[in-house]
Each structure stands twice: as structure tokens, then as C-alpha cells.
There are 2 protein chains.
Amino acid sequence: MESTRVQILQAGLELFSELGYVGATTRGIARRAGITEVTLFRYFPTKEKLFEEVVNAYLPTPGFSEIIFKAKDLAYRDALAMIAGAFMEGLRTEKKLIQIMYSESQRYADLMARVYMALVDNLISLLAAYFEGLQHDGLIRKFNARAGATAFLGMWSALYEAKYLLQISGFSEIDETEIAKEYIDIFFTGTQKTS
Amino acid sequence: MESTRVQILQAGLELFSELGYVGATTRGIARRAGITEVTLFRYFPTKEKLFEEVVNAYLPTPGFSEIIFKAKDLAYRDALAMIAGAFMEGLRTEKKLIQIMYSESQRYADLMARVYMALVDNLISLLAAYFEGLQHDGLIRKFNARAGATAFLGMWSALYEAKYLLQISGFSEIDETEIAKEYIDIFFTGTQKTS
DNA sequence: TTATGTTGTAAGTGCTTACTTACTACACAG
DNA sequence: CTGTGTAGTAAGTAAGCACTTACAACATAA
């Protein structure tokens, strides 16, 4: 059955993210998948190949184009809020993959760079294009659109890391909608036209 | 000699950051320190104790208070630029520790949270106090000072991660002073008084 | 000279690891 | 009923791991 393969990949994603590439064992992955180690090696020739297939299997297909498309129907401030919300939700959904990305960024630099690209690079480009459209219509001030996009998403990804990856206690207390309001205020005001 | 101990700690910092806690071996650390494995175990009873001592030994003593102190003599925009530059330089200096922090944030959650606190939490508080002073003097608009501080530093730490930790090619091409100017522009304008 | 502290050398412990081989059990399609 | 594909079981391999023991070499200080 194909489901055996999927179960192994799922178990691999979990254990690689919890224990890292070296820390996760083929025995442990097999156990969590509910199969034997021998069966695991019937599907994947080496631990390394399994790891690469896990990452590739769960590489997110960026579904951000619709988000930005919808943003065009909203007022600028509401669009920023919606984009930020969608981005944070996307990061939360991909938490296991993001954990792998950070812990293996040295050993598997190229592969992890691809994970980053899949996660945020596409959104950066779309967001930059959105800003350029608004600039062209004279609705926001002129600035380097790509730099603006990384500035905006950077605030959120840093918040995500402190709160969800490192689980800093000072951030878990804070209401996310409250801090979101401040972030959006700053960026909104910072990109307004100077009247 | 005390220098043997220091050499082991230094080698431990390097190998733990390159290979992770599980991936780094006591043999490898001893070799890089230029001593034998037996000597390593004469100084540190277990690999785990060695790891904890490495992290504690290289926990940065935050030297940010002087930075914020100097900022008070500068114009707001120049102060932002100086703080951002000092923060980025601090992150670059602590690259190995930061790598450890990200790769072991699951296994050693508490210890790595302490690393984060030492790295940025102190600066967040100081920066928030600086903003509050400016707000009190009516030089910038009112906003949640702590949220503003995390927003400002978040932009920079996200840039640092993409450029130096994940080494995303798209960021290494960009001139850092150019992107810095845009970040500061956005934050400066975003926290100005609405006249 | 004698005592002490620091290091290296050599060997080995028991455990875990990724990965293999050989055989068996069972479901299902022709 | 027979062949085929998928799985489990049992056992084992060679290598690497953290960590130990015992002893010898050397410098320094009393």
C-alpha cells in the first residue's frame, strides 16, 4: 500500500523536527510509523535519502497568490492585516518543517535554502508587486518595494520565532492581535504618503 | 593550565555550532582543541555538562546599555541607524552561539531561551525605555514602546537570519546599507508624529 | 631528591547505530 | 490453487559512540 510510505514520511517529519537529523533514528521513525525498521529500508535505501524525501514531500506549495489577489479588494490597512494573518498562519502550519530548516541549516545548507525560498521568497515577490501597484496609483509613498516586503514579513517571522520556536515566555503572554495592531500601525504609517 | 579548559570550550563552541549537540563527538572536540579525549573527560565529566558549560561560558554579557546611552545624544533617525548597526554587529559576533540556539531549541529549550534573553531581551527593554523617553518629550508619536522595539529589532534579526544563517543568495547580493536605509525610513516615518 | 599535578598512550567497556540477510505469514488476483 | 507483492520476525554485522582504567612521561615546587 502507498499509505505505508506516507506513514514513514509523516513519522520522519515529526522525529527529524523534534530530534534533528542525527538525533532521529531509523528505529524510532519506524516505530512511530507503526512498521518495522526492515520495512522502512525497503522503501528508502538510506537514512539520508529518507531525510531528503521528507523535506521534498512537505515542501509547501505556496498558496499566497490568492491572498495577495484578495488583498487588492481591501483598503491598504486591512490588506496588511490580512496578509500578516495569513503569513503567521502559514508559519504555524509549517512549524515542523521550519524547525528542521533551522536545525539543519548547516549540514544541509542547499536543501534548507530551498525550504526558505518555498516558504517566504514567493510571498516577498508578490508583496513587493502589490506595493509597486499601490505606489503606481499614488496610494502609498515611494520606497524599494522588495525591501519593504522583507521589512514587513521580517517583523512577523521574528515574532513567530520568539513565540513559537524558542517559546520565550515574555511573548506567549502577549495577545497576538494587540502586538499585530502595533506592527501594522508602524508599517502602515511608515509607508503612507507624506501629505 | 587553565588554557586547556579554555581550548576545550572554544572547540566545543565551534563543533556544537557546526554539527549540533548529537553530531559533535567528544573525540572531534578533543582533536580540534589539540588534546586527547581522556583529558577532555578530566575537565568535563560528561558531554552534556560540557555543552552546558560551553553555552554558559559564551553567553554574551549584553553591552547594549552604552549604545542606548549614546543614542540619546543623536537625532532620532541617526539613533535608529546606530542601534541597528550595533545590533547587527552583535548578531554577527555571536553567530556560533546563535546557530546553537536554533539547532538545540527543542532539546535544550530552557537553556536556549536563556541565550535568547541574553542576546535580545535586554536590548528590547532598553530600546523601549528610549522610545518612552521620546514619547514623553513629544518627539515621536504614542505607541506601545515594547511592541515597537520588537518590531524594529525583528526586521533586523530576520534579515540577519536570511543573510548569515541560511545564507540565502538573494540577500547576499544586496548591499546592507541600502536595505538598512529603507528599514530605517519605514520605522522612522512610522513612528513620527502625525502633524 | 622527592612529591605533585598535568598530560599522553594504549586498551577496552558496553551500548547504539545504520543497514543486511534469510525466512515466514498473509492477502489477493489469475 | 498458485503466483506475487507486502509485511513481520529473528538474527546479525561492522562501525562509532560516550566514557573508563591503568600506566608512563614530564614539568615544577618544596
# chains A, B, ... in the order shown; residues from 1 in each chain; ligands from 1

call {"tool": "interface_residues", "arguments": {"of": "chain C", "to": "chain A", "cutoff": "12 Å", "atoms": "only C-alpha atoms (C1' of nucleotides)", "output": "list of chain:residue names"}}
result
C:DT16, C:DT17, C:DA18, C:DC19, C:DT20, C:DT21, C:DA27

call {"tool": "residues_around", "arguments": {"residues": "segment 20-26 of chain D", "least_positions_apart": "2", "cutoff": "10 Å", "atoms": "only C-alpha atoms (C1' of nucleotides)", "output": "PyMOL selection string"}}
result
(chain B and resi 38+41) or (chain C and resi 6-13) or (chain D and resi 18+28)

call {"tool": "write_last_selection", "arguments": {"atoms": "N, CA and C atoms (P, O5', C5', C4', C3', O3' and C1' of nucleotides)", "output": "tab-separated table (two decimals), in the first residue's frame"}}
result
chain	number	residue	atom	x	y	z
B	38	VAL	N	40.83	11.71	26.63
B	38	VAL	CA	40.93	11.45	28.07
B	38	VAL	C	41.04	12.76	28.84
B	41	PHE	N	37.74	14.50	29.27
B	41	PHE	CA	36.88	13.96	30.33
B	41	PHE	C	37.47	14.21	31.72
C	6	DT	P	46.48	20.15	38.14
C	6	DT	O5'	47.05	19.73	36.72
C	6	DT	C5'	48.09	20.53	36.14
C	6	DT	C4'	48.55	19.88	34.86
C	6	DT	C3'	47.42	19.40	33.94
C	6	DT	O3'	47.59	19.98	32.65
C	6	DT	C1'	49.05	17.72	34.21
C	7	DT	P	46.49	19.78	31.53
C	7	DT	O5'	47.04	18.53	30.71
C	7	DT	C5'	48.04	18.73	29.72
C	7	DT	C4'	48.65	17.41	29.34
C	7	DT	C3'	47.81	16.52	28.46
C	7	DT	O3'	48.04	16.79	27.08
C	7	DT	C1'	49.13	15.30	30.06
C	8	DG	P	47.32	15.91	25.95
C	8	DG	O5'	48.22	14.60	25.83
C	8	DG	C5'	49.63	14.74	25.64
C	8	DG	C4'	50.27	13.36	25.52
C	8	DG	C3'	49.56	12.44	24.52
C	8	DG	O3'	50.50	11.81	23.66
C	8	DG	C1'	49.64	11.40	26.67
C	9	DT	P	50.03	10.89	22.48
C	9	DT	O5'	50.04	9.41	23.10
C	9	DT	C5'	51.17	8.99	23.83
C	9	DT	C4'	51.02	7.52	24.20
C	9	DT	C3'	50.25	6.68	23.18
C	9	DT	O3'	50.94	5.47	22.97
C	9	DT	C1'	49.26	6.46	25.33
C	10	DA	P	50.61	4.52	21.72
C	10	DA	O5'	49.87	3.30	22.45
C	10	DA	C5'	50.27	2.93	23.76
C	10	DA	C4'	49.28	1.93	24.31
C	10	DA	C3'	48.41	1.23	23.25
C	10	DA	O3'	48.43	-0.16	23.49
C	10	DA	C1'	47.04	2.15	24.93
C	11	DA	P	47.81	-1.20	22.46
C	11	DA	O5'	46.56	-1.76	23.28
C	11	DA	C5'	46.67	-1.93	24.68
C	11	DA	C4'	45.31	-1.95	25.30
C	11	DA	C3'	44.22	-2.60	24.41
C	11	DA	O3'	43.88	-3.87	24.95
C	11	DA	C1'	43.45	-0.62	25.52
C	12	DG	P	42.70	-4.75	24.34
C	12	DG	O5'	41.45	-4.21	25.18
C	12	DG	C5'	41.60	-3.99	26.58
C	12	DG	C4'	40.29	-3.42	27.12
C	12	DG	C3'	39.04	-4.03	26.47
C	12	DG	O3'	38.08	-4.32	27.44
C	12	DG	C1'	38.94	-1.70	26.37
C	13	DT	P	36.96	-5.44	27.03
C	13	DT	O5'	35.69	-4.86	27.77
C	13	DT	C5'	35.83	-4.29	29.08
C	13	DT	C4'	34.75	-3.26	29.26
C	13	DT	C3'	33.42	-3.70	28.67
C	13	DT	O3'	32.61	-4.22	29.69
C	13	DT	C1'	33.94	-1.39	28.15
D	18	DA	P	30.44	11.02	21.46
D	18	DA	O5'	30.16	10.45	22.92
D	18	DA	C5'	28.84	10.44	23.42
D	18	DA	C4'	28.80	9.71	24.74
D	18	DA	C3'	29.59	10.38	25.87
D	18	DA	O3'	28.87	10.21	27.09
D	18	DA	C1'	30.47	8.22	25.47
D	28	DT	P	58.82	24.01	33.77
D	28	DT	O5'	58.28	24.09	35.27
D	28	DT	C5'	56.89	24.03	35.52
D	28	DT	C4'	56.63	23.76	36.98
D	28	DT	C3'	57.49	24.60	37.96
D	28	DT	O3'	56.64	25.20	38.91
D	28	DT	C1'	57.56	22.34	38.57

call {"tool": "interface_residues", "arguments": {"of": "chain A", "to": "chain B", "cutoff": "7 Å", "atoms": "only C-alpha atoms", "output": "compact mmCIF listing (two decimals) with C-alpha atoms, in the first residue's frame"}}
result
# COMPACT_ATOMS: atom_id res chain seq x y z
CA GLU A 18 11.94 17.00 17.24
CA VAL A 22 21.44 12.88 13.70
CA GLY A 23 19.24 12.53 16.76
CA TYR A 102 16.80 25.89 11.44
CA SER A 103 18.41 22.83 12.97
CA SER A 105 20.81 24.79 8.04
CA GLN A 106 24.49 23.92 8.36
CA ALA A 109 22.59 24.26 3.55
CA ALA A 113 17.80 27.34 1.45
CA ASN A 144 12.12 50.00 -2.51
CA ALA A 147 12.99 45.90 0.90
CA ALA A 151 10.80 44.53 6.43
CA GLY A 154 10.61 40.15 8.91
CA MET A 155 8.76 41.67 11.85
CA SER A 157 8.77 35.99 11.33
CA ALA A 158 10.87 37.30 14.22
CA LEU A 159 7.74 37.35 16.37
CA LEU A 166 12.00 29.43 21.11
CA ILE A 168 10.02 32.82 25.03
CA ILE A 179 1.00 43.35 19.02
CA GLU A 182 1.10 47.98 16.62
CA TYR A 183 3.18 46.34 13.91
CA ILE A 186 4.02 51.31 12.29
CA PHE A 187 4.28 49.85 8.82
CA PHE A 188 1.08 51.50 7.61
CA THR A 189 2.14 54.92 8.82
CA GLY A 190 5.70 54.34 7.65
CA THR A 191 4.61 53.76 4.08

call {"tool": "select_by_dssp", "arguments": {"residues": "segment 3-160 of chain B", "states": "helix (DSSP H, G or I)", "output": "PyMOL selection string"}}
result
chain B and resi 3-23+26-33+37-43+47-58+65-71+76-93+95-103+109-136+145-160

call {"tool": "closest_atom_pairs", "arguments": {"of": "chain D", "to": "chain A", "cutoff": "12 Å", "atoms": "only C-alpha atoms (C1' of nucleotides)", "output": "CSV"}}
result
residue,atom,partner,partner_atom,distance
D:DG5,C1',A:Met1,CA,9.8
D:DT6,C1',A:Met1,CA,7.7
D:DA7,C1',A:Thr39,CA,7.3
D:DG8,C1',A:Thr36,CA,7.4
D:DT9,C1',A:Thr36,CA,9.7
D:DA10,C1',A:Val38,CA,11.5

call {"tool": "atom_distance", "arguments": {"atom1": "atom CA of Gln135 of chain A", "atom2": "atom CA of Thr177 of chain B"}}
result
22.9 Å

call {"tool": "residues_around", "arguments": {"residues": "Ala71 of chain A", "least_positions_apart": "4", "cutoff": "9 Å", "atoms": "only C-alpha atoms (C1' of nucleotides)", "output": "ChimeraX atom specification"}}
result
/A:66-67,75-76,78-80,82-83,130

call {"tool": "write_last_selection", "arguments": {"atoms": "C-alpha atoms", "output": "compact mmCIF listing (two decimals), in the first residue's frame"}}
result
# COMPACT_ATOMS: atom_id res chain seq x y z
CA GLU A 66 -4.71 34.18 -3.88
CA ILE A 67 -4.00 36.01 -0.65
CA ALA A 75 -8.23 49.02 1.96
CA TYR A 76 -4.44 49.20 2.42
CA ASP A 78 -6.93 45.89 6.08
CA ALA A 79 -4.84 44.27 3.38
CA LEU A 80 -1.74 44.48 5.58
CA MET A 82 -4.92 40.08 6.26
CA ILE A 83 -1.51 39.36 4.73
CA TYR A 130 1.45 44.64 -4.57

call {"tool": "atom_distance", "arguments": {"atom1": "atom CA of Lys49 of chain A", "atom2": "atom C1' of DA15 of chain D"}}
result
20.1 Å

call {"tool": "atom_distance", "arguments": {"atom1": "atom CA of Phe87 of chain B", "atom2": "atom CA of Glu173 of chain B"}}
result
20.7 Å
